[in-house]
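Peer 1: Have a look at this one before I ask anything.
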Amino acid sequence: MRLLLVEDELEMATALTSALARHDAVIDHVPTLEMAISAIVDKMHDVILLDRQLPDGDGIALIKHLRDRDYQVPVIVITARGTIPERIGGLDHGADDYITKPFAIEELLARIRAVLRRPAQRQPIQVRIGHLVFDLDGRQAAVSGAALDLPRRELLVLEALVRRQGRTVLRSTIEQAVYNYDDTIQSNALDSHISRLRKKLADASAGVEIHGIRGVGYLLRPCP
């Protein structure tokens with residue numbers, strides 16, 4: 001799950017990023033509306049967490065920008081502005097949910113899960129390839145009924161490939177699914193993740209292979 005956090009308070013942003021990362025989320029953080037508009041160009045985020053009081057304007061303006069362009073990514077407003085008229089106004093302007101600070105991270109996670117369960121956002125819950133079953137909802141992998149225990153980043157690599165099974169996935173697309181904007185990515189880091197993931201899938205007799213397309217990316221497909 002990749003989230004865009006639009007929040008100008010550094011302490012709040014750092015705390016949220018750390019807490020959400022512990023739940024296997026990849027978080028891109030930007031502090032202004034202008035930077036948020038630049039960040040959504042590639043439409044790669046599952047949910048946007050949006051503060052209202054930003055240095056260059058009311059965060060609600062971002063929702064209008066999104067909806068005018070028919071970009072239906074769920075937006076959860078997270079703000080100290082919690083009067084009833086402000087909450088109603090945020091929802092009426094297209095926010096999918098509205099939560100006031102301070103809040104428990106468990107409540108925010110529950111609200112993220114709730115907006116992702118809505119029909120327009122849902123994908124097939126389970127994807128089956130060979131003997132591999134990937135649960136997109138719970139982000140869990142299993143082979144022939146046995147759980148496949150993977151470190152977080154290998155799991156995110158596998159998820160990126162599973163979501164696009166049968167298609168070549170660009171290296172940049174996989175890296176975007178695995179790393180935050182601020183992460184320093186070593187030149188061979190992705191190749192190392194892929195190598196370890198290949199071995200684990202083979203050892204588990206998953207019946208799938210990760211095929212490398214030189215200079216382009218990777219392809220997940222059933223073994224011939």
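Identifiers in this document derive from the order of the structure tokens: chains are assigned A, B, ..., residues are numbered from 1 separately in each chain, and ligands are numbered from 1 in order of occurrence.
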Considering only C-alpha atoms, tabulate each residue of region 76-177 of chain A that lies at most 9 Å from region 211-217 of chain A along with its nearest interatomic pair and the corresponding distance in Å to one decimal; arrange the rows by chain and ascending residue number and present them as CSV.
Peer 2:
```
residue,atom,partner,partner_atom,distance
A:Thr168,CA,A:Gly217,CA,6.3
A:Val169,CA,A:Gly217,CA,5.4
A:Leu170,CA,A:Gly217,CA,4.3
A:Arg171,CA,A:Gly217,CA,4.6
A:Ser172,CA,A:Gly217,CA,8.0
A:Thr173,CA,A:Gly217,CA,8.7
A:Ile174,CA,A:Gly217,CA,8.4
```
Peer 1: Would you mind listing what lies within 10 Å of Lys200 (chain A) as an MDAnalysis selection string, with only C-alpha atoms counted and same-chain residues fewer than 4 positions away left out?
Peer 2: chainID A and resid 148:150 194:196 204:206
Peer 1: From the options A:Val47, A:Leu16, A:Val178, A:Val157, which residue's atoms come nearest to Tyr218 (chain A), counting only C-alpha atoms?
Peer 2: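 Ranked by minimum distance to Tyr218 (chain A), first place goes to A:Val157.
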Peer 1: Counting only C-alpha atoms, what is within 8 Å of Pro102 (chain A), bar same-chain residues fewer than 2 positions away, as a list of chain:residue names?
Peer 2: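 Result of the neighbour search: A:Ala80, A:Thr100, A:Ala104.
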Peer 1: Which of these residues is nearest to Glu9 (chain A), using only C-alpha atoms: A:His65, A:Ile78, A:Ile27, A:Ile37?
Peer 2: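 Among the listed residues, the smallest separation from Glu9 (chain A) belongs to A:Ile78.
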Peer 1: Write out as a list of chain:residue names which residues come within 10 Å of Met1 (chain A) when counting only C-alpha atoms, dropping same-chain ones fewer than 3 positions away.
Peer 2: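 That gives A:Ala21, A:His23, A:Asp24, A:Ala25, A:Val26, A:Ile27, A:Met44, A:His45, A:Asp46, A:Val47, A:Leu136, A:Asp137, A:Arg139, A:Leu156, A:Glu159, A:Ala160, A:Ala177, A:Val178.
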Peer 1: Write out the residues from the selection above, keeping N, CA and C atoms, as an mmCIF file, in the first residue's frame.
Peer 2:
```cif
data_model
loop_
_atom_site.group_PDB
_atom_site.id
_atom_site.type_symbol
_atom_site.label_atom_id
_atom_site.label_comp_id
_atom_site.auth_asym_id
_atom_site.auth_seq_id
_atom_site.Cartn_x
_atom_site.Cartn_y
_atom_site.Cartn_z
ATOM 1 N N ALA A 21 4.675 2.936 8.462
ATOM 2 C CA ALA A 21 5.676 2.038 7.874
ATOM 3 C C ALA A 21 5.721 0.712 8.629
ATOM 4 N N HIS A 23 3.333 -0.881 9.509
ATOM 5 C CA HIS A 23 2.209 -1.678 9.006
ATOM 6 C C HIS A 23 2.339 -1.897 7.493
ATOM 7 N N ASP A 24 3.582 -1.941 7.016
ATOM 8 C CA ASP A 24 3.913 -2.274 5.625
ATOM 9 C C ASP A 24 3.419 -1.259 4.611
ATOM 10 N N ALA A 25 3.238 -0.024 5.031
ATOM 11 C CA ALA A 25 2.869 1.020 4.084
ATOM 12 C C ALA A 25 4.126 1.739 3.599
ATOM 13 N N VAL A 26 4.100 2.143 2.327
ATOM 14 C CA VAL A 26 5.146 3.004 1.773
ATOM 15 C C VAL A 26 4.569 4.409 1.745
ATOM 16 N N ILE A 27 5.258 5.347 2.395
ATOM 17 C CA ILE A 27 4.705 6.693 2.555
ATOM 18 C C ILE A 27 5.571 7.717 1.838
ATOM 19 N N MET A 44 0.023 6.923 -8.519
ATOM 20 C CA MET A 44 0.505 5.648 -7.988
ATOM 21 C C MET A 44 0.096 5.416 -6.531
ATOM 22 N N HIS A 45 -0.648 6.346 -5.929
ATOM 23 C CA HIS A 45 -0.983 6.215 -4.517
ATOM 24 C C HIS A 45 -2.346 5.560 -4.317
ATOM 25 N N ASP A 46 -2.432 4.730 -3.274
ATOM 26 C CA ASP A 46 -3.689 4.062 -2.947
ATOM 27 C C ASP A 46 -4.615 4.964 -2.145
ATOM 28 N N VAL A 47 -4.040 5.800 -1.290
ATOM 29 C CA VAL A 47 -4.813 6.714 -0.450
ATOM 30 C C VAL A 47 -3.972 7.975 -0.231
ATOM 31 N N LEU A 136 -4.313 -9.857 -1.579
ATOM 32 C CA LEU A 136 -4.058 -8.423 -1.695
ATOM 33 C C LEU A 136 -4.628 -7.644 -0.524
ATOM 34 N N ASP A 137 -5.707 -8.147 0.054
ATOM 35 C CA ASP A 137 -6.346 -7.440 1.162
ATOM 36 C C ASP A 137 -5.490 -7.531 2.420
ATOM 37 N N ARG A 139 -2.331 -8.690 2.414
ATOM 38 C CA ARG A 139 -0.930 -8.658 1.992
ATOM 39 C C ARG A 139 -0.184 -9.856 2.583
ATOM 40 N N LEU A 156 6.696 -6.540 -0.789
ATOM 41 C CA LEU A 156 6.228 -5.433 -1.624
ATOM 42 C C LEU A 156 6.635 -5.626 -3.087
ATOM 43 N N GLU A 159 4.223 -8.194 -4.402
ATOM 44 C CA GLU A 159 2.903 -7.599 -4.609
ATOM 45 C C GLU A 159 2.869 -6.791 -5.902
ATOM 46 N N ALA A 160 3.911 -6.000 -6.147
ATOM 47 C CA ALA A 160 3.958 -5.191 -7.368
ATOM 48 C C ALA A 160 3.925 -6.068 -8.608
ATOM 49 N N ALA A 177 6.962 1.186 -5.684
ATOM 50 C CA ALA A 177 6.103 0.406 -4.788
ATOM 51 C C ALA A 177 6.818 0.020 -3.502
ATOM 52 N N VAL A 178 8.148 0.029 -3.526
ATOM 53 C CA VAL A 178 8.924 -0.497 -2.411
ATOM 54 C C VAL A 178 9.553 0.598 -1.557
#
```
Peer 1: Enumerate the residues of region 11-199 of chain A with a DSSP assignment of alpha helix (DSSP H), computed from the backbone, and present them as an MDAnalysis selection string.
Peer 2: chainID A and resid 11:21 33:39 60:68 84:92 105:116 152:162 171:178 189:199
Peer 1: Would you save the residues from that selection as an mmCIF file, in the first residue's frame, using C-alpha atoms?
Peer 2:
```
data_model
loop_
_atom_site.group_PDB
_atom_site.id
_atom_site.type_symbol
_atom_site.label_atom_id
_atom_site.label_comp_id
_atom_site.auth_asym_id
_atom_site.auth_seq_id
_atom_site.Cartn_x
_atom_site.Cartn_y
_atom_site.Cartn_z
ATOM 1 C CA GLU A 11 6.984 16.242 13.849
ATOM 2 C CA MET A 12 3.506 14.996 12.912
ATOM 3 C CA ALA A 13 4.683 13.791 9.508
ATOM 4 C CA THR A 14 7.649 11.928 10.996
ATOM 5 C CA ALA A 15 5.494 10.216 13.616
ATOM 6 C CA LEU A 16 2.865 9.180 11.064
ATOM 7 C CA THR A 17 5.440 7.951 8.562
ATOM 8 C CA SER A 18 7.143 5.826 11.202
ATOM 9 C CA ALA A 19 3.875 4.385 12.542
ATOM 10 C CA LEU A 20 2.419 3.571 9.120
ATOM 11 C CA ALA A 21 5.676 2.038 7.874
ATOM 12 C CA LEU A 33 -0.211 21.744 -2.063
ATOM 13 C CA GLU A 34 2.154 22.534 -4.913
ATOM 14 C CA MET A 35 4.330 19.528 -4.134
ATOM 15 C CA ALA A 36 1.257 17.324 -3.678
ATOM 16 C CA ILE A 37 -0.007 18.227 -7.145
ATOM 17 C CA SER A 38 3.383 17.262 -8.583
ATOM 18 C CA ALA A 39 3.367 13.990 -6.618
ATOM 19 C CA ILE A 60 -9.423 20.956 0.288
ATOM 20 C CA ALA A 61 -8.195 22.635 -2.909
ATOM 21 C CA LEU A 62 -6.255 19.455 -3.708
ATOM 22 C CA ILE A 63 -9.455 17.409 -3.614
ATOM 23 C CA LYS A 64 -11.074 19.729 -6.148
ATOM 24 C CA HIS A 65 -7.966 19.436 -8.330
ATOM 25 C CA LEU A 66 -8.222 15.642 -8.197
ATOM 26 C CA ARG A 67 -11.939 15.367 -8.834
ATOM 27 C CA ASP A 68 -11.878 17.900 -11.693
ATOM 28 C CA ILE A 84 -19.078 20.228 12.535
ATOM 29 C CA PRO A 85 -19.330 22.795 9.682
ATOM 30 C CA GLU A 86 -15.668 22.175 8.760
ATOM 31 C CA ARG A 87 -16.137 18.397 8.737
ATOM 32 C CA ILE A 88 -19.310 18.674 6.673
ATOM 33 C CA GLY A 89 -17.586 21.060 4.274
ATOM 34 C CA GLY A 90 -14.641 18.713 3.799
ATOM 35 C CA LEU A 91 -16.886 15.754 3.049
ATOM 36 C CA ASP A 92 -19.097 17.800 0.735
ATOM 37 C CA ILE A 105 -2.931 5.331 14.591
ATOM 38 C CA GLU A 106 -5.177 2.264 14.907
ATOM 39 C CA GLU A 107 -8.196 4.412 14.043
ATOM 40 C CA LEU A 108 -6.438 5.896 11.022
ATOM 41 C CA LEU A 109 -5.475 2.420 9.805
ATOM 42 C CA ALA A 110 -9.077 1.269 10.211
ATOM 43 C CA ARG A 111 -10.297 4.241 8.170
ATOM 44 C CA ILE A 112 -7.716 3.526 5.448
ATOM 45 C CA ARG A 113 -8.905 -0.081 5.266
ATOM 46 C CA ALA A 114 -12.502 1.115 5.126
ATOM 47 C CA VAL A 115 -12.004 3.456 2.144
ATOM 48 C CA LEU A 116 -10.033 0.767 0.315
ATOM 49 C CA ARG A 152 8.659 -6.418 4.061
ATOM 50 C CA ARG A 153 10.459 -5.233 0.943
ATOM 51 C CA GLU A 154 10.479 -8.643 -0.742
ATOM 52 C CA LEU A 155 6.748 -8.854 -0.032
ATOM 53 C CA LEU A 156 6.228 -5.433 -1.624
ATOM 54 C CA VAL A 157 8.238 -6.496 -4.693
ATOM 55 C CA LEU A 158 6.103 -9.613 -5.013
ATOM 56 C CA GLU A 159 2.903 -7.599 -4.609
ATOM 57 C CA ALA A 160 3.958 -5.191 -7.368
ATOM 58 C CA LEU A 161 4.609 -8.135 -9.698
ATOM 59 C CA VAL A 162 1.432 -10.006 -8.728
ATOM 60 C CA ARG A 171 12.140 -1.273 -12.563
ATOM 61 C CA SER A 172 11.012 2.237 -11.670
ATOM 62 C CA THR A 173 7.464 1.009 -10.997
ATOM 63 C CA ILE A 174 8.711 -1.679 -8.621
ATOM 64 C CA GLU A 175 11.030 0.776 -6.868
ATOM 65 C CA GLN A 176 8.119 3.202 -6.414
ATOM 66 C CA ALA A 177 6.103 0.406 -4.788
ATOM 67 C CA VAL A 178 8.924 -0.497 -2.411
ATOM 68 C CA ALA A 189 19.168 -3.106 -4.222
ATOM 69 C CA LEU A 190 16.207 -4.179 -6.354
ATOM 70 C CA ASP A 191 18.236 -6.922 -8.039
ATOM 71 C CA SER A 192 19.150 -8.267 -4.593
ATOM 72 C CA HIS A 193 15.496 -8.351 -3.529
ATOM 73 C CA ILE A 194 14.550 -10.118 -6.762
ATOM 74 C CA SER A 195 17.339 -12.676 -6.385
ATOM 75 C CA ARG A 196 16.308 -13.613 -2.847
ATOM 76 C CA LEU A 197 12.639 -13.684 -3.805
ATOM 77 C CA ARG A 198 13.330 -15.998 -6.767
ATOM 78 C CA LYS A 199 15.139 -18.444 -4.499
#
```
Peer 1: Of the residues A:Asn188, A:Gln72, A:Gln140, A:Thr32, which is the one nearest to Asp56 (chain A), using only C-alpha atoms?
Peer 2: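 So, comparing all the options, the nearest one is A:Thr32.
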Peer 1: Hey, what's within 12 Å of Gln165 (chain A) if we count only C-alpha atoms and toss same-chain stuff fewer than 5 positions away? As a list in words, please?
Peer 2: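 So, after excluding close chain neighbours, the residues are Val127, Arg128, Ile129, Gly130, Leu132, Phe134, Leu158, Glu159, Ala160, Val208, Glu209, Ile210, His211, Tyr218, Leu219, Leu220, Arg221 and Pro222 of chain A.
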Peer 1: Those same residues - C-alpha atoms - I'd like them written as an mmCIF file, in the first residue's frame.
Peer 2:
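This went into out.cif:
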```
data_model
loop_
_atom_site.group_PDB
_atom_site.id
_atom_site.type_symbol
_atom_site.label_atom_id
_atom_site.label_comp_id
_atom_site.auth_asym_id
_atom_site.auth_seq_id
_atom_site.Cartn_x
_atom_site.Cartn_y
_atom_site.Cartn_z
ATOM 1 C CA VAL A 127 -4.570 -13.649 -7.013
ATOM 2 C CA ARG A 128 -3.531 -17.190 -7.950
ATOM 3 C CA ILE A 129 -0.499 -17.867 -10.128
ATOM 4 C CA GLY A 130 0.871 -21.397 -10.310
ATOM 5 C CA LEU A 132 1.177 -19.159 -5.341
ATOM 6 C CA PHE A 134 -1.378 -13.697 -2.884
ATOM 7 C CA LEU A 158 6.103 -9.613 -5.013
ATOM 8 C CA GLU A 159 2.903 -7.599 -4.609
ATOM 9 C CA ALA A 160 3.958 -5.191 -7.368
ATOM 10 C CA VAL A 208 6.057 -19.226 -10.766
ATOM 11 C CA GLU A 209 9.149 -17.530 -12.128
ATOM 12 C CA ILE A 210 10.392 -13.957 -12.215
ATOM 13 C CA HIS A 211 11.735 -13.296 -15.668
ATOM 14 C CA TYR A 218 10.666 -7.944 -14.542
ATOM 15 C CA LEU A 219 7.788 -10.263 -15.432
ATOM 16 C CA LEU A 220 6.003 -12.698 -13.099
ATOM 17 C CA ARG A 221 4.484 -15.731 -14.817
ATOM 18 C CA PRO A 222 3.665 -19.411 -14.177
#
```
Peer 1: For Tyr179 (chain A), which of A:Val6, A:Ala142, A:Asp28, A:Pro55 is the closest residue, counting only C-alpha atoms?
Peer 2: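 Nearest candidate to Tyr179 (chain A) out of A:Val6, A:Ala142, A:Asp28, A:Pro55: A:Asp28.
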Peer 1: For CA of Asp96 (chain A) and CA of Val75 (chain A), determine how far apart the two atoms are, in Å to one decimal place.
Peer 2: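 So the answer is 5.3 Å.
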Peer 1: From a DSSP calculation on the backbone, collect every residue of region 23-209 of chain A in strand (DSSP E or B) and output the set as an MDAnalysis selection string.
Peer 2: chainID A and resid 26:30 47:50 53:54 57:58 75:79 97:100 126:129 132:135 140:143 146:147 169:170 208:209
